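Data first, discussion second: the structure below is written as structure tokens.
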Amino acid sequence: MQTENNSNTPVQVERDQGVGLVRLNRAQQLNALNLEMRQAIATAFLALSGDPAIRVIVVTGGEKVFAAGADLRLLVDKSSQEVAELNLPSYWHPVASCEKPVIAAVNGYCLGAGSELMQMCDIVVADTSARIGQPEAKVGIMPGAGGTQRLARSVGKPVASLMLMCGEALTGERAYQLGLVSELAEEGQALNRALELARKVTFMPPRAMHAIKRVLRQGSDLPLPEALQLEQNEFQKLFDTTDQTEGMTAFLEKRKPKFTGN
């Protein structure tokens, strides 16, 4: 992969054979999320989402830390009205609403807003050094970017309450056991494994990937009958794509399919 930004930018973006890599780059500040970094993440996701050559996005931090949370210097002297005026949710929208598959590669500390960013991703690969937590209560607040709602839906209310109310962090192994993490890698191997999975996604039919992501996202908040109908509708639409014909024909002809996104 070739880096598109210089080494001083808060986020580095790389592209390679259908994979877009977003690398958080404030190592000296433990990738604490200030406004500049949040804006850079949003800009990177918008660019990669709009690039037809990119089929999957990987987001990662450094070797020792994914992201240690919000930069408290941004928030320490703010009133509730001033925080509202920052419009922090707008910075996360390009990540949370991204139609393409997103994979997180997590090493070391993944706390607060960093954990919330991780939870916006579709697939999470963490290594054994990972420590995932929502310790916002320790500084007098609570999560504000999905850290209560996504967490409870992933690990259940009892574990979410432990993490939120006591500030307890999960090891990578425990997070994997609970289903918060998709796959556990050896220490230092999270990014390599995430990139391996990303390359697999690049060979999948893009419209089917988008449909699967849409159904998973929307269906989880619907009653089961409505969610099943949503799935059926998306399933049927894929039969109007050339990728469906190519995929099934290639299977019957015992060859690898060549998906185009049509």
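All residue names refer to the structure tokens as shown: chains lettered A, B, ... in order, residues numbered from 1 in each chain, ligands numbered from 1 in order.
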
Using only C-alpha atoms, determine which residues lie at most 10 Å from A:Gly219, disregarding the query and same-chain residues fewer than 4 positions distant; provide the list as a PDB file with all heavy atoms, in the first residue's frame.
```
ATOM      1  N   LYS A 213     -24.948  -5.782   4.509  1.00  0.00           N
ATOM      2  CA  LYS A 213     -24.692  -4.781   5.545  1.00  0.00           C
ATOM      3  C   LYS A 213     -25.977  -4.021   5.876  1.00  0.00           C
ATOM      4  O   LYS A 213     -26.272  -3.752   7.047  1.00  0.00           O
ATOM      5  CB  LYS A 213     -23.606  -3.816   5.084  1.00  0.00           C
ATOM      6  CG  LYS A 213     -23.305  -2.729   6.097  1.00  0.00           C
ATOM      7  CD  LYS A 213     -21.991  -2.037   5.837  1.00  0.00           C
ATOM      8  CE  LYS A 213     -21.690  -1.000   6.904  1.00  0.00           C
ATOM      9  NZ  LYS A 213     -20.341  -0.426   6.788  1.00  0.00           N
ATOM     10  N   ARG A 214     -26.751  -3.689   4.858  1.00  0.00           N
ATOM     11  CA  ARG A 214     -27.996  -2.946   5.062  1.00  0.00           C
ATOM     12  C   ARG A 214     -28.978  -3.756   5.911  1.00  0.00           C
ATOM     13  O   ARG A 214     -29.606  -3.228   6.840  1.00  0.00           O
ATOM     14  CB  ARG A 214     -28.596  -2.621   3.689  1.00  0.00           C
ATOM     15  CG  ARG A 214     -29.495  -1.439   3.645  1.00  0.00           C
ATOM     16  CD  ARG A 214     -29.644  -0.855   2.248  1.00  0.00           C
ATOM     17  NE  ARG A 214     -29.730  -1.837   1.194  1.00  0.00           N
ATOM     18  CZ  ARG A 214     -28.872  -1.908   0.168  1.00  0.00           C
ATOM     19  NH1 ARG A 214     -27.851  -1.078   0.084  1.00  0.00           N
ATOM     20  NH2 ARG A 214     -29.020  -2.824  -0.774  1.00  0.00           N
ATOM     21  N   VAL A 215     -29.115  -5.036   5.606  1.00  0.00           N
ATOM     22  CA  VAL A 215     -30.059  -5.887   6.340  1.00  0.00           C
ATOM     23  C   VAL A 215     -29.596  -6.088   7.778  1.00  0.00           C
ATOM     24  O   VAL A 215     -30.404  -6.060   8.713  1.00  0.00           O
ATOM     25  CB  VAL A 215     -30.235  -7.231   5.614  1.00  0.00           C
ATOM     26  CG1 VAL A 215     -31.014  -8.208   6.475  1.00  0.00           C
ATOM     27  CG2 VAL A 215     -30.959  -7.021   4.291  1.00  0.00           C
ATOM     28  N   PRO A 223     -38.929  -5.817  14.462  1.00  0.00           N
ATOM     29  CA  PRO A 223     -39.508  -7.100  14.868  1.00  0.00           C
ATOM     30  C   PRO A 223     -39.142  -8.169  13.843  1.00  0.00           C
ATOM     31  O   PRO A 223     -38.944  -7.866  12.652  1.00  0.00           O
ATOM     32  CB  PRO A 223     -41.015  -6.818  14.874  1.00  0.00           C
ATOM     33  CG  PRO A 223     -41.128  -5.336  14.995  1.00  0.00           C
ATOM     34  CD  PRO A 223     -39.952  -4.766  14.288  1.00  0.00           C
ATOM     35  N   LEU A 224     -39.031  -9.418  14.264  1.00  0.00           N
ATOM     36  CA  LEU A 224     -38.557 -10.480  13.386  1.00  0.00           C
ATOM     37  C   LEU A 224     -39.330 -10.585  12.062  1.00  0.00           C
ATOM     38  O   LEU A 224     -38.696 -10.701  11.008  1.00  0.00           O
ATOM     39  CB  LEU A 224     -38.580 -11.824  14.122  1.00  0.00           C
ATOM     40  CG  LEU A 224     -38.059 -13.032  13.321  1.00  0.00           C
ATOM     41  CD1 LEU A 224     -36.611 -12.799  12.872  1.00  0.00           C
ATOM     42  CD2 LEU A 224     -38.166 -14.304  14.149  1.00  0.00           C
ATOM     43  N   PRO A 225     -40.666 -10.541  12.059  1.00  0.00           N
ATOM     44  CA  PRO A 225     -41.354 -10.649  10.763  1.00  0.00           C
ATOM     45  C   PRO A 225     -40.956  -9.541   9.779  1.00  0.00           C
ATOM     46  O   PRO A 225     -40.779  -9.806   8.582  1.00  0.00           O
ATOM     47  CB  PRO A 225     -42.834 -10.541  11.149  1.00  0.00           C
ATOM     48  CG  PRO A 225     -42.894 -11.026  12.556  1.00  0.00           C
ATOM     49  CD  PRO A 225     -41.630 -10.528  13.180  1.00  0.00           C
ATOM     50  N   GLU A 226     -40.809  -8.315  10.282  1.00  0.00           N
ATOM     51  CA  GLU A 226     -40.410  -7.217   9.404  1.00  0.00           C
ATOM     52  C   GLU A 226     -38.968  -7.375   8.948  1.00  0.00           C
ATOM     53  O   GLU A 226     -38.625  -7.083   7.797  1.00  0.00           O
ATOM     54  CB  GLU A 226     -40.594  -5.880  10.128  1.00  0.00           C
ATOM     55  CG  GLU A 226     -42.041  -5.534  10.418  1.00  0.00           C
ATOM     56  CD  GLU A 226     -42.177  -4.218  11.168  1.00  0.00           C
ATOM     57  OE1 GLU A 226     -41.308  -3.341  10.992  1.00  0.00           O
ATOM     58  OE2 GLU A 226     -43.144  -4.076  11.950  1.00  0.00           O
ATOM     59  N   ALA A 227     -38.108  -7.857   9.829  1.00  0.00           N
ATOM     60  CA  ALA A 227     -36.708  -8.072   9.465  1.00  0.00           C
ATOM     61  C   ALA A 227     -36.583  -9.166   8.405  1.00  0.00           C
ATOM     62  O   ALA A 227     -35.784  -9.046   7.462  1.00  0.00           O
ATOM     63  CB  ALA A 227     -35.904  -8.443  10.702  1.00  0.00           C
ATOM     64  N   LEU A 228     -37.379 -10.205   8.535  1.00  0.00           N
ATOM     65  CA  LEU A 228     -37.362 -11.279   7.536  1.00  0.00           C
ATOM     66  C   LEU A 228     -37.862 -10.787   6.180  1.00  0.00           C
ATOM     67  O   LEU A 228     -37.347 -11.190   5.127  1.00  0.00           O
ATOM     68  CB  LEU A 228     -38.205 -12.460   8.014  1.00  0.00           C
ATOM     69  CG  LEU A 228     -37.651 -13.226   9.217  1.00  0.00           C
ATOM     70  CD1 LEU A 228     -38.649 -14.258   9.703  1.00  0.00           C
ATOM     71  CD2 LEU A 228     -36.326 -13.889   8.860  1.00  0.00           C
ATOM     72  N   GLN A 229     -38.858  -9.907   6.200  1.00  0.00           N
ATOM     73  CA  GLN A 229     -39.353  -9.343   4.944  1.00  0.00           C
ATOM     74  C   GLN A 229     -38.298  -8.456   4.299  1.00  0.00           C
ATOM     75  O   GLN A 229     -38.116  -8.460   3.073  1.00  0.00           O
ATOM     76  CB  GLN A 229     -40.630  -8.539   5.197  1.00  0.00           C
ATOM     77  CG  GLN A 229     -41.297  -8.022   3.919  1.00  0.00           C
ATOM     78  CD  GLN A 229     -41.706  -9.143   2.988  1.00  0.00           C
ATOM     79  OE1 GLN A 229     -42.468 -10.031   3.367  1.00  0.00           O
ATOM     80  NE2 GLN A 229     -41.181  -9.130   1.762  1.00  0.00           N
ATOM     81  N   LEU A 230     -37.583  -7.696   5.119  1.00  0.00           N
ATOM     82  CA  LEU A 230     -36.490  -6.870   4.610  1.00  0.00           C
ATOM     83  C   LEU A 230     -35.442  -7.752   3.943  1.00  0.00           C
ATOM     84  O   LEU A 230     -34.967  -7.444   2.840  1.00  0.00           O
ATOM     85  CB  LEU A 230     -35.869  -6.086   5.768  1.00  0.00           C
ATOM     86  CG  LEU A 230     -34.621  -5.250   5.458  1.00  0.00           C
ATOM     87  CD1 LEU A 230     -34.961  -4.110   4.522  1.00  0.00           C
ATOM     88  CD2 LEU A 230     -33.999  -4.704   6.749  1.00  0.00           C
ATOM     89  N   GLU A 231     -35.071  -8.845   4.599  1.00  0.00           N
ATOM     90  CA  GLU A 231     -34.102  -9.776   4.027  1.00  0.00           C
ATOM     91  C   GLU A 231     -34.600 -10.344   2.701  1.00  0.00           C
ATOM     92  O   GLU A 231     -33.855 -10.410   1.707  1.00  0.00           O
ATOM     93  CB  GLU A 231     -33.837 -10.908   5.010  1.00  0.00           C
ATOM     94  CG  GLU A 231     -32.871 -11.968   4.508  1.00  0.00           C
ATOM     95  CD  GLU A 231     -32.794 -13.158   5.446  1.00  0.00           C
ATOM     96  OE1 GLU A 231     -33.693 -14.029   5.366  1.00  0.00           O
ATOM     97  OE2 GLU A 231     -31.844 -13.213   6.244  1.00  0.00           O
TER      98      GLU A 231
END
```

Exercise. Run DSSP on the backbone and give me the residues of stretch 30-87 of chain A it puts in alpha helix (DSSP H), as a ChimeraX atom specification.
Key: /A:35-49,80-86

Self-check item: For A:Asp243, the nearest of the candidates A:Thr260, A:Gln81, A:Ser90, A:Gln17, counting only C-alpha atoms
Solution: A:Thr260

Quiz prompt | All residues 6 Å or closer to stretch 23-36 of chain A, only C-alpha atoms, same chain fewer than 6 positions away omitted, as a list in words | solution =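 Answer for this query is Pro10, Val11, Gln12, Val59, Thr60, Gly61, Ala67, Ala68, Gly69, Ala70 and Asp71 of chain A.
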
Might you pull out every residue within 12 Å of A:Pro52, with only C-alpha atoms counted and same-chain residues fewer than 6 positions away left off, and present them as a PDB file with N, CA, C and O atoms, in the first residue's frame?
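Okay, this is what ended up in out_28.pdb:
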```
ATOM      1  N   ARG A  15      -4.391   3.159  -0.272  1.00  0.00           N
ATOM      2  CA  ARG A  15      -5.239   2.380  -1.175  1.00  0.00           C
ATOM      3  C   ARG A  15      -4.417   1.291  -1.841  1.00  0.00           C
ATOM      4  O   ARG A  15      -3.291   1.533  -2.260  1.00  0.00           O
ATOM      5  N   GLN A  17      -5.416  -2.231  -4.332  1.00  0.00           N
ATOM      6  CA  GLN A  17      -6.191  -3.335  -4.897  1.00  0.00           C
ATOM      7  C   GLN A  17      -7.562  -3.498  -4.249  1.00  0.00           C
ATOM      8  O   GLN A  17      -7.928  -4.585  -3.803  1.00  0.00           O
ATOM      9  N   GLY A  18      -8.300  -2.419  -4.186  1.00  0.00           N
ATOM     10  CA  GLY A  18      -9.663  -2.467  -3.686  1.00  0.00           C
ATOM     11  C   GLY A  18      -9.808  -2.271  -2.195  1.00  0.00           C
ATOM     12  O   GLY A  18     -10.930  -2.188  -1.683  1.00  0.00           O
ATOM     13  N   VAL A  19      -8.692  -2.194  -1.472  1.00  0.00           N
ATOM     14  CA  VAL A  19      -8.719  -2.011  -0.019  1.00  0.00           C
ATOM     15  C   VAL A  19      -8.303  -0.586   0.323  1.00  0.00           C
ATOM     16  O   VAL A  19      -7.254  -0.111  -0.137  1.00  0.00           O
ATOM     17  N   GLY A  20      -9.099   0.099   1.109  1.00  0.00           N
ATOM     18  CA  GLY A  20      -8.734   1.404   1.631  1.00  0.00           C
ATOM     19  C   GLY A  20      -8.360   1.269   3.101  1.00  0.00           C
ATOM     20  O   GLY A  20      -9.110   0.656   3.878  1.00  0.00           O
ATOM     21  N   LEU A  46     -15.460   9.472   3.704  1.00  0.00           N
ATOM     22  CA  LEU A  46     -16.231  10.000   2.580  1.00  0.00           C
ATOM     23  C   LEU A  46     -15.508   9.750   1.263  1.00  0.00           C
ATOM     24  O   LEU A  46     -16.122   9.372   0.259  1.00  0.00           O
ATOM     25  N   GLU A  99     -21.657   2.449   3.404  1.00  0.00           N
ATOM     26  CA  GLU A  99     -22.309   1.298   2.781  1.00  0.00           C
ATOM     27  C   GLU A  99     -21.345   0.147   2.528  1.00  0.00           C
ATOM     28  O   GLU A  99     -21.772  -0.998   2.353  1.00  0.00           O
ATOM     29  N   LYS A 100     -20.061   0.438   2.486  1.00  0.00           N
ATOM     30  CA  LYS A 100     -19.075  -0.597   2.210  1.00  0.00           C
ATOM     31  C   LYS A 100     -18.675  -1.310   3.500  1.00  0.00           C
ATOM     32  O   LYS A 100     -18.753  -0.726   4.587  1.00  0.00           O
ATOM     33  N   THR A 202     -12.778  -8.121  -1.214  1.00  0.00           N
ATOM     34  CA  THR A 202     -12.633  -7.499  -2.534  1.00  0.00           C
ATOM     35  C   THR A 202     -13.037  -8.436  -3.663  1.00  0.00           C
ATOM     36  O   THR A 202     -13.333  -7.982  -4.770  1.00  0.00           O
ATOM     37  N   PRO A 206     -19.969  -6.637  -4.850  1.00  0.00           N
ATOM     38  CA  PRO A 206     -20.201  -5.429  -4.059  1.00  0.00           C
ATOM     39  C   PRO A 206     -21.660  -5.196  -3.689  1.00  0.00           C
ATOM     40  O   PRO A 206     -21.957  -4.812  -2.552  1.00  0.00           O
ATOM     41  N   ARG A 207     -22.570  -5.422  -4.606  1.00  0.00           N
ATOM     42  CA  ARG A 207     -23.976  -5.142  -4.291  1.00  0.00           C
ATOM     43  C   ARG A 207     -24.515  -6.116  -3.252  1.00  0.00           C
ATOM     44  O   ARG A 207     -25.342  -5.755  -2.420  1.00  0.00           O
ATOM     45  N   THR A 260     -18.280  -7.682 -10.886  1.00  0.00           N
ATOM     46  CA  THR A 260     -18.037  -6.309 -11.363  1.00  0.00           C
ATOM     47  C   THR A 260     -18.790  -5.246 -10.580  1.00  0.00           C
ATOM     48  O   THR A 260     -18.546  -4.057 -10.757  1.00  0.00           O
ATOM     49  N   GLY A 261     -19.732  -5.658  -9.750  1.00  0.00           N
ATOM     50  CA  GLY A 261     -20.550  -4.682  -9.037  1.00  0.00           C
ATOM     51  C   GLY A 261     -21.811  -4.294  -9.769  1.00  0.00           C
ATOM     52  O   GLY A 261     -22.536  -3.384  -9.355  1.00  0.00           O
ATOM     53  N   ASN A 262     -22.121  -4.984 -10.854  1.00  0.00           N
ATOM     54  CA  ASN A 262     -23.333  -4.691 -11.642  1.00  0.00           C
ATOM     55  C   ASN A 262     -24.394  -5.754 -11.426  1.00  0.00           C
ATOM     56  O   ASN A 262     -24.129  -6.814 -10.928  1.00  0.00           O
TER      57      ASN A 262
END
```

Exercise. Using only C-alpha atoms, pick whichever of A:Glu82, A:Glu186, A:Glu196, A:Asp77 has the shortest atom-to-atom distance to A:Thr128.
Key: A:Glu186

Quiz item: Contacts of stretch 120-124 of chain A at 8 Å or less, counting only C-alpha atoms, minus same-chain residues fewer than 2 places along, as number ranges by chain?
Solution: A: 95-96, 101-106, 116-118, 126, 180-183, 194, 213

Practice problem: Might you pull out every residue within 12 Å of A:Gln244, with only C-alpha atoms counted and same-chain residues fewer than 2 positions away left off, and present them as a list in words? | Solution: Met204, Pro205, Pro206, Arg207, Ala208, Phe235, Gln236, Lys237, Leu238, Phe239, Asp240, Thr241, Thr242, Glu246, Gly247, Met248, Thr249, Ala250, Phe251, Pro257, Lys258, Phe259, Thr260, Gly261 and Asn262 of chain A

Take the residues from that selection and write them out as a PDB file, in the first residue's frame, keeping N, CA and C atoms.
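Dumped to part-v2.pdb:
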```pdb
ATOM      1  N   MET A 204     -15.653 -10.450  -3.400  1.00  0.00           N
ATOM      2  CA  MET A 204     -17.086 -10.679  -3.247  1.00  0.00           C
ATOM      3  C   MET A 204     -17.875  -9.677  -4.105  1.00  0.00           C
ATOM      4  N   PRO A 205     -19.137  -9.997  -4.421  1.00  0.00           N
ATOM      5  CA  PRO A 205     -19.961  -9.072  -5.212  1.00  0.00           C
ATOM      6  C   PRO A 205     -20.334  -7.835  -4.398  1.00  0.00           C
ATOM      7  N   PRO A 206     -19.969  -6.637  -4.850  1.00  0.00           N
ATOM      8  CA  PRO A 206     -20.201  -5.429  -4.059  1.00  0.00           C
ATOM      9  C   PRO A 206     -21.660  -5.196  -3.689  1.00  0.00           C
ATOM     10  N   ARG A 207     -22.570  -5.422  -4.606  1.00  0.00           N
ATOM     11  CA  ARG A 207     -23.976  -5.142  -4.291  1.00  0.00           C
ATOM     12  C   ARG A 207     -24.515  -6.116  -3.252  1.00  0.00           C
ATOM     13  N   ALA A 208     -24.059  -7.336  -3.273  1.00  0.00           N
ATOM     14  CA  ALA A 208     -24.458  -8.289  -2.231  1.00  0.00           C
ATOM     15  C   ALA A 208     -23.873  -7.879  -0.886  1.00  0.00           C
ATOM     16  N   PHE A 235     -32.833  -9.962  -0.926  1.00  0.00           N
ATOM     17  CA  PHE A 235     -32.479 -11.210  -1.610  1.00  0.00           C
ATOM     18  C   PHE A 235     -33.002 -11.218  -3.048  1.00  0.00           C
ATOM     19  N   GLN A 236     -34.253 -10.860  -3.209  1.00  0.00           N
ATOM     20  CA  GLN A 236     -34.857 -10.881  -4.546  1.00  0.00           C
ATOM     21  C   GLN A 236     -34.230  -9.846  -5.476  1.00  0.00           C
ATOM     22  N   LYS A 237     -33.884  -8.670  -4.948  1.00  0.00           N
ATOM     23  CA  LYS A 237     -33.293  -7.626  -5.778  1.00  0.00           C
ATOM     24  C   LYS A 237     -31.983  -8.061  -6.412  1.00  0.00           C
ATOM     25  N   LEU A 238     -31.251  -8.916  -5.734  1.00  0.00           N
ATOM     26  CA  LEU A 238     -29.951  -9.348  -6.238  1.00  0.00           C
ATOM     27  C   LEU A 238     -30.063 -10.212  -7.487  1.00  0.00           C
ATOM     28  N   PHE A 239     -31.258 -10.719  -7.765  1.00  0.00           N
ATOM     29  CA  PHE A 239     -31.456 -11.511  -8.979  1.00  0.00           C
ATOM     30  C   PHE A 239     -31.586 -10.633 -10.227  1.00  0.00           C
ATOM     31  N   ASP A 240     -31.578  -9.335 -10.052  1.00  0.00           N
ATOM     32  CA  ASP A 240     -31.526  -8.407 -11.177  1.00  0.00           C
ATOM     33  C   ASP A 240     -30.113  -7.907 -11.441  1.00  0.00           C
ATOM     34  N   THR A 241     -29.106  -8.543 -10.823  1.00  0.00           N
ATOM     35  CA  THR A 241     -27.718  -8.127 -11.003  1.00  0.00           C
ATOM     36  C   THR A 241     -26.973  -9.122 -11.882  1.00  0.00           C
ATOM     37  N   THR A 242     -26.005  -8.611 -12.634  1.00  0.00           N
ATOM     38  CA  THR A 242     -25.175  -9.506 -13.441  1.00  0.00           C
ATOM     39  C   THR A 242     -24.249 -10.333 -12.558  1.00  0.00           C
ATOM     40  N   GLU A 246     -23.285 -14.251 -12.885  1.00  0.00           N
ATOM     41  CA  GLU A 246     -21.883 -14.633 -12.953  1.00  0.00           C
ATOM     42  C   GLU A 246     -21.508 -15.573 -11.817  1.00  0.00           C
ATOM     43  N   GLY A 247     -21.947 -15.274 -10.604  1.00  0.00           N
ATOM     44  CA  GLY A 247     -21.592 -16.096  -9.458  1.00  0.00           C
ATOM     45  C   GLY A 247     -22.112 -17.516  -9.575  1.00  0.00           C
ATOM     46  N   MET A 248     -23.375 -17.658  -9.933  1.00  0.00           N
ATOM     47  CA  MET A 248     -23.971 -18.991 -10.042  1.00  0.00           C
ATOM     48  C   MET A 248     -23.427 -19.757 -11.249  1.00  0.00           C
ATOM     49  N   THR A 249     -23.230 -19.055 -12.360  1.00  0.00           N
ATOM     50  CA  THR A 249     -22.675 -19.707 -13.554  1.00  0.00           C
ATOM     51  C   THR A 249     -21.255 -20.188 -13.284  1.00  0.00           C
ATOM     52  N   ALA A 250     -20.450 -19.337 -12.618  1.00  0.00           N
ATOM     53  CA  ALA A 250     -19.076 -19.720 -12.312  1.00  0.00           C
ATOM     54  C   ALA A 250     -19.040 -20.943 -11.399  1.00  0.00           C
ATOM     55  N   PHE A 251     -19.948 -21.001 -10.444  1.00  0.00           N
ATOM     56  CA  PHE A 251     -20.005 -22.149  -9.540  1.00  0.00           C
ATOM     57  C   PHE A 251     -20.306 -23.427 -10.323  1.00  0.00           C
ATOM     58  N   PRO A 257     -15.525 -16.800  -9.909  1.00  0.00           N
ATOM     59  CA  PRO A 257     -16.335 -15.739 -10.512  1.00  0.00           C
ATOM     60  C   PRO A 257     -15.552 -14.440 -10.606  1.00  0.00           C
ATOM     61  N   LYS A 258     -15.933 -13.596 -11.542  1.00  0.00           N
ATOM     62  CA  LYS A 258     -15.367 -12.260 -11.682  1.00  0.00           C
ATOM     63  C   LYS A 258     -16.503 -11.247 -11.495  1.00  0.00           C
ATOM     64  N   PHE A 259     -16.609 -10.731 -10.284  1.00  0.00           N
ATOM     65  CA  PHE A 259     -17.694  -9.815  -9.960  1.00  0.00           C
ATOM     66  C   PHE A 259     -17.313  -8.392 -10.335  1.00  0.00           C
ATOM     67  N   THR A 260     -18.280  -7.682 -10.886  1.00  0.00           N
ATOM     68  CA  THR A 260     -18.037  -6.309 -11.363  1.00  0.00           C
ATOM     69  C   THR A 260     -18.790  -5.246 -10.580  1.00  0.00           C
ATOM     70  N   GLY A 261     -19.732  -5.658  -9.750  1.00  0.00           N
ATOM     71  CA  GLY A 261     -20.550  -4.682  -9.037  1.00  0.00           C
ATOM     72  C   GLY A 261     -21.811  -4.294  -9.769  1.00  0.00           C
ATOM     73  N   ASN A 262     -22.121  -4.984 -10.854  1.00  0.00           N
ATOM     74  CA  ASN A 262     -23.333  -4.691 -11.642  1.00  0.00           C
ATOM     75  C   ASN A 262     -24.394  -5.754 -11.426  1.00  0.00           C
TER      76      ASN A 262
END
```

Self-check item: Coordinates-based distance that separates atom CA of A:Pro94 from atom CA of A:Phe45 (Å, one decimal)
Solution: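 Answer for the atom CA of A:Phe45 to atom CA of A:Pro94 separation: 5.9 Å.
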
Quiz item: Tell me, which residues of stretch 81-136 of chain A carry DSSP strand (DSSP E or B), written as a PyMOL selection string?
Solution: chain A and resi 102-106+109-111+123-127+131-133

Residues from last step as file, C-alpha atoms, as a PDB file, in the first residue's frame:
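Dumped to out17.pdb:
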```pdb
ATOM      1  CA  VAL A 102     -15.561  -1.787   7.320  1.00  0.00           C
ATOM      2  CA  ILE A 103     -13.019  -3.829   9.286  1.00  0.00           C
ATOM      3  CA  ALA A 104     -11.304  -2.644  12.479  1.00  0.00           C
ATOM      4  CA  ALA A 105      -7.818  -3.859  13.393  1.00  0.00           C
ATOM      5  CA  VAL A 106      -7.318  -3.292  17.125  1.00  0.00           C
ATOM      6  CA  TYR A 109      -5.903   0.337  24.234  1.00  0.00           C
ATOM      7  CA  CYS A 110      -9.276   0.862  22.585  1.00  0.00           C
ATOM      8  CA  LEU A 111     -11.173   3.077  25.001  1.00  0.00           C
ATOM      9  CA  ILE A 123     -15.837  -6.870  11.467  1.00  0.00           C
ATOM     10  CA  VAL A 124     -13.380  -6.441  14.337  1.00  0.00           C
ATOM     11  CA  VAL A 125     -10.023  -8.188  14.538  1.00  0.00           C
ATOM     12  CA  ALA A 126      -8.279  -7.642  17.870  1.00  0.00           C
ATOM     13  CA  ASP A 127      -4.988  -9.033  19.079  1.00  0.00           C
ATOM     14  CA  ARG A 131      -7.970  -3.661  26.083  1.00  0.00           C
ATOM     15  CA  ILE A 132     -11.456  -2.505  25.164  1.00  0.00           C
ATOM     16  CA  GLY A 133     -13.461  -0.288  27.474  1.00  0.00           C
TER      17      GLY A 133
END
```

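In this model, the gap between atom CA of A:Asn107 and atom CA of A:Val76 comes to 27.1 Å.
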
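Taking atom CA of A:Ala145 and atom CA of A:Ser97 as the two end points, the separation is 13.2 Å.
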
Self-check item: Counting only C-alpha atoms, the option among A:Ala152, A:Ile212, A:Ile57, A:Val159 closest to A:Gln119
Solution: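 When distances to A:Gln119 are compared using only C-alpha atoms, the smallest one comes from A:Ala152.
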
Practice problem: Counting only C-alpha atoms, figure out which residue out of A:Ala113, A:Gly108, A:Cys98, A:Val58 gets nearest to A:Thr171. | Solution: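 Closest to A:Thr171 of all the choices is A:Gly108.
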